[in-house]
Structures are given as structure tokens and as C-alpha cells.
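Student: Input file: work25.tsv. Contents: TSV, C-alpha atoms.
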```
chain	number	residue	atom	x	y	z
W	1	MET	CA	-33.02	26.83	-37.95
W	2	ARG	CA	-34.51	24.43	-35.40
W	3	SER	CA	-33.53	21.34	-37.45
W	4	ARG	CA	-29.96	22.72	-37.86
W	5	MET	CA	-29.66	23.21	-34.10
W	6	PHE	CA	-31.07	19.71	-33.55
W	7	SER	CA	-28.48	18.26	-35.96
W	8	ARG	CA	-25.66	20.09	-34.14
W	9	SER	CA	-26.92	18.76	-30.79
W	10	ILE	CA	-26.95	15.22	-32.13
W	11	ALA	CA	-23.40	15.68	-33.47
W	12	LEU	CA	-22.23	17.06	-30.12
W	13	VAL	CA	-23.77	14.16	-28.19
W	14	ALA	CA	-22.18	11.70	-30.62
W	15	ALA	CA	-18.79	13.36	-30.24
W	16	LEU	CA	-19.06	13.30	-26.46
W	17	GLY	CA	-20.06	9.65	-26.61
W	18	LEU	CA	-17.05	8.81	-28.75
W	19	ALA	CA	-14.75	10.70	-26.41
W	20	LEU	CA	-16.22	8.94	-23.38
W	21	THR	CA	-15.93	5.56	-25.08
W	22	ALA	CA	-12.31	6.30	-26.01
W	23	GLY	CA	-11.59	7.34	-22.44
W	24	LEU	CA	-13.16	4.17	-21.05
W	25	ALA	CA	-11.24	2.06	-23.53
W	26	SER	CA	-8.03	3.83	-22.60
W	27	ALA	CA	-8.70	3.25	-18.89
W	28	ALA	CA	-9.47	-0.41	-19.57
W	29	ASP	CA	-6.10	-0.79	-21.30
W	30	THR	CA	-4.17	0.75	-18.39
W	31	ILE	CA	-3.25	-0.39	-14.89
W	32	LYS	CA	-2.36	2.35	-12.43
W	33	ILE	CA	0.15	2.28	-9.60
W	34	ALA	CA	0.96	5.13	-7.22
W	35	VAL	CA	4.47	6.41	-6.52
W	36	PRO	CA	4.20	8.80	-3.54
W	37	SER	CA	7.50	10.51	-2.78
W	38	PRO	CA	8.97	13.99	-2.19
W	39	TYR	CA	9.15	15.77	-5.55
W	40	THR	CA	9.49	19.23	-4.02
W	41	GLY	CA	11.21	20.37	-0.84
W	42	SER	CA	14.56	19.47	0.67
W	43	ALA	CA	14.27	15.74	-0.11
W	44	ALA	CA	13.21	16.21	-3.75
W	45	GLY	CA	16.56	14.83	-4.96
W	46	PHE	CA	15.71	11.51	-3.36
W	47	GLY	CA	12.23	11.57	-4.86
W	48	GLU	CA	13.70	12.05	-8.31
W	49	ASN	CA	15.97	9.05	-7.73
W	50	VAL	CA	12.97	6.86	-6.95
W	51	LYS	CA	11.07	8.23	-9.93
W	52	ALA	CA	14.04	7.55	-12.22
W	53	GLY	CA	14.06	3.87	-11.28
W	54	VAL	CA	10.28	3.47	-11.66
W	55	VAL	CA	10.28	5.27	-15.01
W	56	MET	CA	12.98	2.94	-16.35
W	57	LYS	CA	11.18	-0.22	-15.27
W	58	LEU	CA	7.77	0.89	-16.61
W	59	GLU	CA	9.23	2.04	-19.93
W	60	GLU	CA	10.91	-1.34	-20.27
W	61	LEU	CA	7.73	-3.26	-19.39
W	62	ASN	CA	5.42	-1.16	-21.57
W	63	ALA	CA	7.77	-1.37	-24.55
W	64	ALA	CA	7.51	-5.16	-24.25
W	65	GLY	CA	3.71	-5.06	-24.30
W	66	GLY	CA	2.91	-4.18	-20.70
W	67	VAL	CA	1.42	-6.60	-18.18
W	68	ASN	CA	-1.07	-9.07	-19.61
W	69	GLY	CA	-1.51	-6.76	-22.57
W	70	LYS	CA	-2.13	-3.65	-20.49
W	71	LYS	CA	0.15	-0.66	-19.99
W	72	ILE	CA	1.29	0.21	-16.48
W	73	GLU	CA	0.82	3.88	-15.63
W	74	ALA	CA	2.48	5.49	-12.60
W	75	VAL	CA	0.80	8.32	-10.70
W	76	TYR	CA	3.52	10.44	-9.06
W	77	LEU	CA	2.23	12.13	-5.92
W	78	ASP	CA	4.24	14.74	-4.03
W	79	GLU	CA	4.17	14.31	-0.24
W	80	GLN	CA	7.39	16.29	0.45
W	81	CYS	CA	8.61	13.65	2.91
W	82	GLU	CA	6.18	15.16	5.43
W	83	PRO	CA	3.83	12.99	7.54
W	84	ARG	CA	0.87	15.36	7.20
W	85	GLU	CA	1.22	15.50	3.41
W	86	ALA	CA	1.71	11.73	3.25
W	87	ALA	CA	-1.51	11.13	5.18
W	88	THR	CA	-3.39	13.35	2.72
W	89	VAL	CA	-1.83	11.62	-0.28
W	90	SER	CA	-2.64	8.18	1.15
W	91	SER	CA	-6.33	9.09	1.28
W	92	SER	CA	-6.35	10.04	-2.40
W	93	ILE	CA	-4.58	6.78	-3.28
W	94	VAL	CA	-6.94	4.44	-1.44
W	95	ASN	CA	-9.99	6.27	-2.79
W	96	ASP	CA	-8.84	5.86	-6.40
W	97	GLU	CA	-10.06	2.36	-7.24
W	98	ALA	CA	-7.97	2.33	-10.42
W	99	ILE	CA	-4.75	2.29	-8.34
W	100	VAL	CA	-3.88	-1.32	-7.48
W	101	GLY	CA	-0.52	-0.98	-5.71
W	102	ILE	CA	2.10	1.44	-4.45
W	103	VAL	CA	5.85	1.97	-4.78
W	104	GLY	CA	6.66	4.18	-1.78
W	105	HIS	CA	6.84	6.07	0.44
W	106	LEU	CA	10.43	7.27	0.55
W	107	CYS	CA	10.86	8.61	4.11
W	108	SER	CA	10.07	6.47	7.13
W	109	SER	CA	8.01	9.18	8.82
W	110	ALA	CA	5.89	9.66	5.69
W	111	HIS	CA	5.46	5.91	5.21
W	112	LEU	CA	4.36	5.46	8.82
W	113	ALA	CA	1.82	8.28	8.47
W	114	ALA	CA	0.35	6.70	5.33
W	115	LEU	CA	0.26	3.10	6.58
W	116	PRO	CA	-3.02	3.23	8.54
W	117	ALA	CA	-4.95	4.07	5.36
W	118	TYR	CA	-3.26	1.31	3.35
W	119	VAL	CA	-3.87	-1.32	6.03
W	120	ARG	CA	-7.46	-0.20	6.62
W	121	GLU	CA	-8.40	-0.08	2.93
W	122	GLY	CA	-6.26	-3.04	1.87
W	123	ILE	CA	-3.68	-1.92	-0.69
W	124	ALA	CA	-0.10	-3.14	-0.76
W	125	ALA	CA	2.85	-0.76	-0.70
W	126	ILE	CA	6.47	-1.64	-1.46
W	127	THR	CA	8.87	0.94	-0.13
W	128	PRO	CA	12.33	0.85	-1.68
W	129	THR	CA	13.79	3.21	0.93
W	130	ALA	CA	11.93	3.48	4.28
W	131	THR	CA	14.08	1.79	6.93
W	132	ASN	CA	12.49	2.54	10.33
W	133	VAL	CA	12.03	-0.55	12.50
W	134	SER	CA	8.47	0.23	13.65
W	135	ILE	CA	7.17	-0.15	10.07
W	136	SER	CA	7.55	-3.91	10.60
W	137	THR	CA	4.82	-4.10	13.22
W	138	LYS	CA	2.52	-1.25	12.19
W	139	ASN	CA	1.72	-2.60	8.75
W	140	LYS	CA	-0.59	-5.48	9.70
W	141	ASP	CA	-4.35	-5.80	9.70
W	142	GLU	CA	-6.48	-7.56	12.33
W	143	GLN	CA	-5.77	-10.92	10.70
W	144	GLY	CA	-2.02	-10.33	10.96
W	145	LYS	CA	-1.54	-9.80	7.24
W	146	ALA	CA	1.23	-7.39	6.26
W	147	TRP	CA	0.30	-4.70	3.71
W	148	SER	CA	3.67	-2.94	3.63
W	149	PHE	CA	6.76	-4.55	2.12
W	150	ARG	CA	10.27	-3.22	1.61
W	151	ASN	CA	13.30	-4.25	-0.40
W	152	VAL	CA	15.70	-2.29	1.79
W	153	TYR	CA	17.22	-3.25	5.13
W	154	ARG	CA	16.03	-1.83	8.48
W	155	ASP	CA	17.66	0.89	10.59
W	156	ASP	CA	18.61	-1.54	13.33
W	157	PHE	CA	20.66	-3.54	10.83
W	158	GLN	CA	22.16	-0.39	9.32
W	159	GLY	CA	23.02	1.28	12.65
W	160	THR	CA	24.53	-1.94	13.98
W	161	PHE	CA	26.53	-2.41	10.78
W	162	LEU	CA	28.01	1.10	11.01
W	163	ALA	CA	29.11	0.61	14.61
W	164	ASP	CA	30.77	-2.68	13.64
W	165	TYR	CA	32.49	-1.08	10.66
W	166	ILE	CA	33.84	1.83	12.68
W	167	ASP	CA	35.13	-0.47	15.40
W	168	LYS	CA	36.36	-3.51	13.48
W	169	VAL	CA	37.47	-2.05	10.16
W	170	LEU	CA	38.59	1.47	11.02
W	171	GLY	CA	39.60	0.82	14.61
W	172	LEU	CA	38.14	4.03	16.08
W	173	LYS	CA	37.28	4.08	19.78
W	174	LYS	CA	35.39	7.35	20.39
W	175	VAL	CA	32.50	8.60	18.24
W	176	ALA	CA	30.06	11.49	18.59
W	177	VAL	CA	26.48	11.16	17.32
W	178	PHE	CA	24.48	13.98	15.73
W	179	TYR	CA	20.98	12.85	14.77
W	180	GLU	CA	17.88	14.29	13.11
W	181	ASN	CA	14.95	14.23	15.51
W	182	ASN	CA	12.61	12.04	13.42
W	183	ASP	CA	11.81	8.35	13.00
W	184	TYR	CA	14.74	7.74	10.68
W	185	GLY	CA	17.40	9.56	12.69
W	186	ILE	CA	16.30	8.22	16.07
W	187	GLY	CA	16.12	4.65	14.77
W	188	LEU	CA	19.65	4.85	13.42
W	189	LYS	CA	20.98	6.51	16.56
W	190	ASP	CA	19.45	3.96	18.92
W	191	ALA	CA	20.70	0.94	16.96
W	192	PHE	CA	24.17	2.46	16.64
W	193	ALA	CA	24.41	3.29	20.36
W	194	LYS	CA	23.23	-0.18	21.39
W	195	GLU	CA	25.84	-1.93	19.25
W	196	ALA	CA	28.57	0.54	20.23
W	197	LYS	CA	27.98	-0.27	23.91
W	198	LYS	CA	28.27	-3.98	23.15
W	199	LEU	CA	31.56	-3.43	21.31
W	200	GLY	CA	33.09	-1.07	23.83
W	201	LEU	CA	32.98	1.77	21.29
W	202	SER	CA	32.48	4.97	23.26
W	203	VAL	CA	29.70	7.36	22.24
W	204	VAL	CA	31.19	10.52	23.72
W	205	GLY	CA	28.28	12.82	22.92
W	206	GLU	CA	24.79	12.92	21.42
W	207	GLU	CA	23.10	15.99	19.97
W	208	ALA	CA	19.85	16.40	18.02
W	209	TYR	CA	18.75	18.72	15.22
W	210	LYS	CA	15.57	19.31	13.24
W	211	LYS	CA	14.90	19.05	9.53
W	212	GLY	CA	15.49	22.42	7.89
W	213	ASP	CA	17.92	23.72	10.54
W	214	GLN	CA	20.73	25.85	9.15
W	215	ASP	CA	23.08	26.58	12.06
W	216	PHE	CA	24.60	23.54	13.75
W	217	THR	CA	27.60	25.28	15.32
W	218	PRO	CA	26.35	25.19	18.97
W	219	GLN	CA	25.83	21.42	18.94
W	220	LEU	CA	29.01	20.75	16.98
W	221	THR	CA	31.01	22.84	19.44
W	222	LYS	CA	29.72	20.67	22.31
W	223	LEU	CA	30.58	17.50	20.42
W	224	LYS	CA	34.06	18.77	19.54
W	225	ALA	CA	34.80	19.33	23.24
W	226	ALA	CA	34.46	15.58	23.79
W	227	ALA	CA	37.36	14.96	21.37
W	228	PRO	CA	35.69	12.31	19.17
W	229	GLN	CA	37.64	10.37	16.55
W	230	GLY	CA	34.60	10.23	14.27
W	231	LEU	CA	31.18	11.87	13.80
W	232	PHE	CA	28.09	9.81	12.99
W	233	ILE	CA	25.42	12.01	11.38
W	234	ALA	CA	22.11	10.14	11.48
W	235	GLY	CA	19.94	12.01	8.98
W	236	TYR	CA	19.59	13.07	5.36
W	237	TYR	CA	22.05	14.71	3.00
W	238	PRO	CA	20.72	18.34	2.90
W	239	GLU	CA	21.43	18.93	6.59
W	240	GLY	CA	24.32	16.48	6.53
W	241	ALA	CA	26.21	18.56	3.99
W	242	LEU	CA	25.79	21.70	6.11
W	243	ILE	CA	26.92	19.82	9.21
W	244	ALA	CA	30.05	18.56	7.43
W	245	ASP	CA	30.88	22.07	6.26
W	246	GLN	CA	30.33	23.68	9.67
W	247	ALA	CA	32.26	20.91	11.44
W	248	LYS	CA	35.24	21.62	9.22
W	249	LYS	CA	35.00	25.35	9.92
W	250	ILE	CA	35.23	24.85	13.69
W	251	GLY	CA	38.12	22.41	13.38
W	252	LEU	CA	36.21	19.19	13.95
W	253	SER	CA	38.17	17.44	11.23
W	254	VAL	CA	37.35	13.79	11.79
W	255	PRO	CA	35.91	11.09	9.54
W	256	LYS	CA	32.16	11.46	9.10
W	257	PHE	CA	29.69	8.58	8.90
W	258	GLY	CA	26.21	8.50	7.45
W	259	ALA	CA	23.61	5.96	6.48
W	260	ASP	CA	21.81	5.55	3.15
W	261	GLY	CA	20.22	9.00	3.54
W	262	PHE	CA	23.57	10.51	2.50
W	263	ASP	CA	23.76	8.63	-0.78
W	264	ASN	CA	23.01	11.46	-3.16
W	265	ALA	CA	25.31	13.45	-5.44
W	266	ASP	CA	23.96	16.67	-3.90
W	267	TYR	CA	25.68	15.77	-0.61
W	268	ILE	CA	28.99	16.38	-2.37
W	269	LYS	CA	27.73	19.42	-4.29
W	270	LEU	CA	26.44	21.09	-1.12
W	271	GLY	CA	29.25	20.01	1.19
W	272	GLY	CA	32.12	20.72	-1.18
W	273	ALA	CA	35.55	19.78	0.16
W	274	ALA	CA	34.06	19.17	3.60
W	275	ALA	CA	32.22	16.11	2.22
W	276	ASP	CA	35.50	14.27	1.74
W	277	ASP	CA	36.29	11.52	4.25
W	278	THR	CA	32.60	10.61	4.66
W	279	TYR	CA	31.68	6.93	4.88
W	280	LEU	CA	28.12	5.73	4.26
W	281	THR	CA	26.15	2.53	4.00
W	282	ALA	CA	24.25	1.57	0.86
W	283	PRO	CA	22.27	-1.56	-0.08
W	284	PHE	CA	23.52	-1.46	-3.68
W	285	LEU	CA	26.95	-0.74	-5.08
W	286	ALA	CA	27.25	-0.66	-8.85
W	287	GLU	CA	30.91	-1.65	-8.72
W	288	THR	CA	30.08	-4.92	-6.97
W	289	ALA	CA	26.85	-5.70	-8.85
W	290	GLY	CA	26.61	-8.93	-10.78
W	291	PRO	CA	26.43	-9.32	-14.57
W	292	ASP	CA	22.62	-9.28	-14.51
W	293	ALA	CA	22.71	-5.68	-13.29
W	294	LYS	CA	25.13	-4.42	-15.93
W	295	LYS	CA	22.45	-3.84	-18.57
W	296	PHE	CA	20.44	-1.73	-16.12
W	297	ILE	CA	23.50	0.24	-14.98
W	298	ASP	CA	24.53	1.03	-18.57
W	299	ALA	CA	20.98	2.01	-19.57
W	300	PHE	CA	20.63	4.22	-16.50
W	301	LYS	CA	23.86	6.08	-17.31
W	302	ALA	CA	22.77	6.56	-20.91
W	303	LYS	CA	19.32	7.85	-19.95
W	304	TYR	CA	20.19	10.13	-17.03
W	305	ASN	CA	23.85	10.93	-17.73
W	306	ARG	CA	24.95	10.05	-14.19
W	307	GLU	CA	25.98	7.12	-12.07
W	308	VAL	CA	23.22	4.90	-10.76
W	309	ASP	CA	22.29	5.36	-7.10
W	310	TRP	CA	20.91	2.72	-4.74
W	311	MET	CA	17.47	4.36	-4.45
W	312	SER	CA	16.94	4.21	-8.21
W	313	ALA	CA	18.08	0.59	-8.30
W	314	ASN	CA	15.78	-0.36	-5.40
W	315	ALA	CA	12.84	1.53	-6.95
W	316	TYR	CA	13.47	-0.22	-10.27
W	317	ASP	CA	13.22	-3.58	-8.51
W	318	ALA	CA	10.23	-2.54	-6.37
W	319	ALA	CA	8.32	-1.56	-9.52
W	320	GLY	CA	9.36	-4.87	-11.08
W	321	MET	CA	8.06	-6.84	-8.09
W	322	LEU	CA	4.75	-5.00	-8.13
W	323	ALA	CA	4.40	-5.56	-11.89
W	324	GLN	CA	5.13	-9.27	-11.46
W	325	ALA	CA	2.49	-9.50	-8.74
W	326	ILE	CA	-0.05	-7.81	-11.02
W	327	ALA	CA	0.87	-10.14	-13.88
W	328	LYS	CA	0.46	-13.27	-11.75
W	329	ALA	CA	-2.45	-12.26	-9.50
W	330	GLY	CA	-4.31	-9.77	-11.70
W	331	PRO	CA	-5.11	-6.10	-10.92
W	332	ASP	CA	-6.75	-6.99	-7.61
W	333	ARG	CA	-5.44	-5.26	-4.47
W	334	ALA	CA	-5.92	-8.19	-2.07
W	335	LYS	CA	-4.52	-10.79	-4.48
W	336	ILE	CA	-1.48	-8.60	-5.17
W	337	ARG	CA	-0.80	-8.44	-1.43
W	338	ASP	CA	-1.10	-12.20	-1.13
W	339	TYR	CA	1.30	-12.74	-4.02
W	340	LEU	CA	3.90	-10.42	-2.49
W	341	ALA	CA	3.56	-12.15	0.90
W	342	GLY	CA	4.21	-15.42	-0.93
W	343	MET	CA	7.69	-14.17	-1.94
W	344	SER	CA	8.94	-15.68	1.31
W	345	SER	CA	12.20	-17.39	0.38
W	346	PRO	CA	15.12	-16.98	-2.03
W	347	GLU	CA	13.56	-19.64	-4.24
W	348	LYS	CA	10.27	-17.71	-4.41
W	349	GLY	CA	11.91	-14.29	-4.52
W	350	TYR	CA	12.21	-11.71	-7.27
W	351	LYS	CA	15.57	-11.73	-9.03
W	352	GLY	CA	16.36	-8.07	-9.62
W	353	VAL	CA	19.35	-5.86	-10.25
W	354	THR	CA	19.86	-5.51	-6.48
W	355	GLY	CA	19.89	-9.27	-5.96
W	356	VAL	CA	17.17	-11.66	-4.85
W	357	ASN	CA	14.31	-9.85	-3.12
W	358	TYR	CA	12.02	-11.74	-0.74
W	359	PHE	CA	10.12	-10.96	2.46
W	360	ASP	CA	9.62	-12.31	5.96
W	361	ALA	CA	6.26	-12.33	7.75
W	362	ASN	CA	6.65	-8.62	8.55
W	363	GLY	CA	7.30	-7.63	4.94
W	364	ASP	CA	11.00	-7.04	5.67
W	365	CYS	CA	13.87	-8.24	3.52
W	366	GLN	CA	17.47	-9.05	4.40
W	367	LYS	CA	20.19	-7.60	2.23
W	368	PRO	CA	23.89	-7.04	2.74
W	369	ALA	CA	25.23	-3.53	3.27
W	370	PHE	CA	28.06	-1.97	1.32
W	371	VAL	CA	30.21	0.99	2.29
W	372	LYS	CA	30.89	3.97	0.04
W	373	MET	CA	33.04	6.95	0.82
W	374	VAL	CA	33.70	10.41	-0.55
W	375	LYS	CA	37.22	10.95	-1.80
W	376	ASP	CA	38.41	13.90	-3.90
W	377	GLY	CA	34.81	14.99	-4.46
W	378	LYS	CA	33.53	11.62	-5.67
W	379	PHE	CA	31.71	8.60	-4.28
W	380	ILE	CA	33.91	5.51	-4.47
W	381	PRO	CA	33.66	2.06	-2.88
W	382	ALA	CA	35.40	2.08	0.51
W	383	PRO	CA	38.74	0.23	0.27
W	384	LYS	CA	37.55	-2.28	2.85
W	385	GLN	CA	34.10	-3.86	2.87
W	386	MET	CA	32.60	-5.97	5.65
W	387	ASN	CA	30.60	-8.70	3.89
```
Show the structure stored in the file as C-alpha cells.
Tutor:
Amino acid sequence: MRSRMFSRSIALVAALGLALTAGLASAADTIKIAVPSPYTGSAAGFGENVKAGVVMKLEELNAAGGVNGKKIEAVYLDEQCEPREAATVSSSIVNDEAIVGIVGHLCSSAHLAALPAYVREGIAAITPTATNVSISTKNKDEQGKAWSFRNVYRDDFQGTFLADYIDKVLGLKKVAVFYENNDYGIGLKDAFAKEAKKLGLSVVGEEAYKKGDQDFTPQLTKLKAAAPQGLFIAGYYPEGALIADQAKKIGLSVPKFGADGFDNADYIKLGGAAADDTYLTAPFLAETAGPDAKKFIDAFKAKYNREVDWMSANAYDAAGMLAQAIAKAGPDRAKIRDYLAGMSSPEKGYKGVTGVNYFDANGDCQKPAFVKMVKDGKFIPAPKQMN
């Protein structure tokens, strides 16, 4: 009996050893990146867009043999677009030594909350979507090295662009501003108001709202009294769709303007007919993309059975940039950062489906903006662009 039990113990130890060895081998053959984004909550639709782009790029890379013979594995972490959750998620990322880089965060407020951990612990993050201006200066360590990069334009560019478009292309003279009281909304509002003043475009009213609000009628009623010719809604699509619907119900039937936070099919689904006559900025427009992007656009439609959105395209390129950095510099956090910082000119940039991606000393990139609009329940390119 004793010898039988001893034999079983030996077999169990051997099995555990094999399993451990297999696990170590598997880990050695894999490189991990983190993709923190909102996968639940009101911004989950945006998170799924980012995930869709990352999934496509990693599937493509891994099918071709991975990076230096190793598979790239993404760890998708839900931070709900909330600063407190993002700070918690950032701690788990920096403490996991197997994670060598980050694609994210999605929302500016979440990205700003996570940045201190990334700068302190030295891990590079490429955000495909966070546009707040203050990210540019809060992402550097004591040596002045940037640890946050982005392949999307900043809010000051976007807000300025919208004011120019409204004034020069559409010829409106009076606009009301309704903004979400967070980093993203305030950044857009401030840049828009500054440029509007320069142009002589009158901002006839400003009102604020909070994420998750449901009733916007009191603020909209105040804005309507100022008789605006247009309504700039500086926020994200869930509240934006409700605002569009409630504006229509009180007779505030003017063109609506939004930034890239409106670029989601759910804006139209939630807003219904009220979403029509909405103009919005986007850093990527499939209809104007070059031939190099066509393969990606067609593959995206086939995989997800929908039109490609700018967040998915930017996330696809962000994942591609991070993979290229890993391939050239190795799975070393500091060397990956240095490689990304070296993408400092068009000649040294990453040629992706969204164009050539490269960074300045603050980790910012410069890209043109395009204008989409909602017409008859669909996103279409605006008849007039400003490029």
C-alpha cells in the first residue's frame, strides 16, 4: 500500500513538473501587452472599437509568426473610462513584469489618472484616442523623457478646427456650447471658445453637464433663449444622443457639432432622427483613405460586419507601432520607449492605415482632421472638407 501511494506521489509530482514546464515554455513564447479601456459602462462601445482594432492587428501579426518568433498576447483590462478604476488598473499593469507596453487608455481622464504609475515605473503607453492637452506635459519623467505617446490629435487642434469649420465653411455666426464637465469636454470647449473669439464667431451661451445625466432640458432651454444657429456638444455619444433628442423636442432645431467622441454608430441608434444634421471631426475617414488602407478596411468589414471607425483604425496602428518597437528593441520596457521616441519625423515614422505616425518631444502627433455628418440615419463624409 505504502509503495503504491509513493508511486502515485511520484507520478503527481512529475505531472505537476510537466505542467509547470509547459506553462513556463508557453510564457517564454509569448509577449504581453495591456489594452486598458472601458469594456463595461456607458463608454463600452468605444472600448469595443479599440479592442476590434487591436485584435485585428495581433491576429495578423501572430498568423505571420509573431514578433521575433513570439506570439503577442493582449491583456484587456476594464477601467470603465473612470479615473479611479484607471488608477487601479495601472497598478496591476506596472506590477506585471510580463507586460512590456500599453495600447490605451481611451478616455483622457482615465489616461491622466494612469500616467503617474507609467512614468514612475517606466512603461510606455500609446493611446489611440485620448486627446486632452495636459497629457503632453504630464507624461515625462525627471529626465524629461516622455512615456505616453498618441497617434491622435489634441483637443486644442480639434476645438480650433471645429470653430474654423463652422465659421469658414458653414458660415454660421452664433453658436451655443454644451460641454461635459471633464478633461475631454473642458479641453474642447476652451479651444473652441478661444478660436471663436479670434474669428468673431459668437458663443452665445455655455452650459455644463455631467457624465450619466439624463435630463438636459433646463440647460437646453437656456441655450435656446440665446437663439444660436448651431449647438456644439463637447462630450461623448451616450449623452450627446440624449441631448440631440431633447433639443429637437424643445424646438432647438439647429445643426449640431461634436468631436471624435461622437463617432460611434450608437450615437445614431440612440438619437434616432434627432441625430441627423450632426457634424463631427474624425482623424480617419475610410472614404478618403489611401490604397494601403483598403485591405484593412475590407478585412474589418468582413470580420465585424460593419463600417470601420476611426478608433479601430487608430488602435490597429497603435498596436502595430508597439509591435514594431518590440521587434526592433526587444521586450524591454525602457528600450521600447526609446524606440517610440525615435519615431520623430515622417521618415522615421510608422506607415499605417491612418497615414504616417510619428511623435514630437511630448509624444504628440500631428494629423489632419476630417468632417463626417449624419444624414438620413447614416454617417457620410461632409460635402465640404477643410484640408
Student: For Asp332 of chain W, which residue among W:Lys210, W:Gly230, W:Ile33, W:Val175 is the nearest when counting all atoms listed in the file?
Tutor: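 Of the candidates, the smallest distance to Asp332 of chain W is held by W:Ile33.
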Student: So how far away is atom CA of Gln158 of chain W from atom CA of Glu239 of chain W, in Å?
Tutor: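 Rounded to one decimal, the two atoms are 19.5 Å apart.
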Student: Please measure the separation of atom CA of Ile380 of chain W and atom CA of Leu252 of chain W, giving the value in Å to one decimal.
Tutor: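 So the two atoms, atom CA of Ile380 of chain W and atom CA of Leu252 of chain W, lie 23.1 Å apart.
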Student: Using all atoms listed in the file, find each residue in segment 310-349 of chain W having at least one atom no more than 10 Å away from segment 280-293 of chain W; report its shortest atom-to-atom pair and that distance in Å (one decimal), rows by chain then rising number, as CSV.
Tutor:
```
residue,atom,partner,partner_atom,distance
W:Trp310,CA,W:Phe284,CA,5.0
W:Met311,CA,W:Phe284,CA,8.4
W:Ser312,CA,W:Phe284,CA,9.8
W:Ala313,CA,W:Phe284,CA,7.4
W:Asn314,CA,W:Phe284,CA,8.0
```
Student: Record the distance separating atom CA of Asp29 of chain W and atom CA of Lys70 of chain W, expressed in Å with one decimal.
Tutor: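 Calculated distance between atom CA of Asp29 of chain W and atom CA of Lys70 of chain W is 5.0 Å.
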Student: Please identify every residue of segment 19-69 of chain W that has at least one atom no farther than 10 Å from an atom of segment 117-129 of chain W, counting only C-alpha atoms, and for each give the shortest atom pair and the distance in Å to one decimal, arranged by chain then increasing number, as a Markdown table.
Tutor:
```
| residue | atom | partner | partner_atom | distance |
| --- | --- | --- | --- | --- |
| W:Ile33 | CA | W:Ala125 | CA | 9.8 |
| W:Ala34 | CA | W:Ala125 | CA | 9.0 |
| W:Val35 | CA | W:Ala125 | CA | 9.4 |
| W:Pro36 | CA | W:Thr127 | CA | 9.8 |
| W:Phe46 | CA | W:Thr129 | CA | 9.5 |
| W:Val50 | CA | W:Pro128 | CA | 8.0 |
```
Student: Restricting the output to C-alpha atoms, write the selected residues as a compact mmCIF listing (two decimals), in the frame of the given file.
Tutor:
```
# COMPACT_ATOMS: atom_id res chain seq x y z
CA ILE W 33 0.15 2.28 -9.60
CA ALA W 34 0.96 5.13 -7.22
CA VAL W 35 4.47 6.41 -6.52
CA PRO W 36 4.20 8.80 -3.54
CA PHE W 46 15.71 11.51 -3.36
CA VAL W 50 12.97 6.86 -6.95
```
Student: Between W:Leu201, W:Lys32, W:Phe178, W:Lys138, which one has atoms that come closest to Asp164 of chain W, using all atoms listed in the file?
Tutor: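 Between W:Leu201, W:Lys32, W:Phe178, W:Lys138, the residue approaching Asp164 of chain W most closely is W:Leu201.
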Student: May I ask which of the residues W:Asn68, W:Ser109, W:Asn62, W:Asn49 is the closest one to Ile326 of chain W, counting only C-alpha atoms?
Tutor: W:Asn68
Student: Considering only C-alpha atoms, state which residue in the set W:Ser91, W:Phe257, W:Asn151, W:Gly377 is at the smallest distance from Lys351 of chain W.
Tutor: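 Closest candidate: W:Asn151.
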Student: Let me make sure I understand: among W:Ala163, W:Ile72, W:Ala265, W:Leu112, which one has the smallest atom-to-atom distance to Gly45 of chain W if we use all atoms listed in the file?
Tutor: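 Looking only at the distances to Gly45 of chain W, the closest residue turns out to be W:Ala265.
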Student: Hey, what's within 9 Å of Val254 of chain W if we count all atoms listed in the file and toss same-chain stuff fewer than 2 positions away? As number ranges by chain, please?
Tutor: W: 228-231, 247-248, 251-252, 256, 277
Student: Can you work out which one of W:Ser37, W:Ser108, W:Gln246, W:Thr160 has the shortest atom-to-atom distance to Ser148 of chain W, counting all atoms listed in the file?
Tutor: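 Once distances to Ser148 of chain W are computed over all atoms listed in the file, the minimum belongs to W:Ser108.
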Student: Quick one: 3 Å padding each side, axis-aligned, all listed atoms of segment 68-71 of chain W - centre and edge lengths in Å to one decimal, as AutoDock Vina command-line options?
Tutor:
```
--center_x -1.0 --center_y -4.9 --center_z -21.1 --size_x 8.3 --size_y 14.4 --size_z 9.0
```
Student: Got a sec to check which residues sit within 6 Å of (21.2, 0.5, -11.2), counting all atoms listed in the file, and write them as a list in words?
Tutor: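 Residues found, by chain and rising number: Phe296, Ile297, Val308 and Ala313 of chain W.
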Student: Skip Gly271 of chain W itself and residues of its chain fewer than 5 positions away, then list as a VMD selection string all residues within 7 Å of it, counting all atoms listed in the file.
Tutor: chain W and resid 241 to 242 244 to 245
Student: Write the selection just made, keeping C-alpha atoms, as a CSV table (one decimal), in the frame of the given file?
Tutor:
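Output saved as part.csv:
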```
chain,number,residue,atom,x,y,z
W,241,ALA,CA,26.2,18.6,4.0
W,242,LEU,CA,25.8,21.7,6.1
W,244,ALA,CA,30.0,18.6,7.4
W,245,ASP,CA,30.9,22.1,6.3
```
Student: Can you tell me, as a ChimeraX atom specification, what residues are no more than 8 Å from Ala191 of chain W when counting all atoms listed in the file, ignoring any on the same chain fewer than 3 positions away?
Tutor: /W:155-160,187-188,194-195
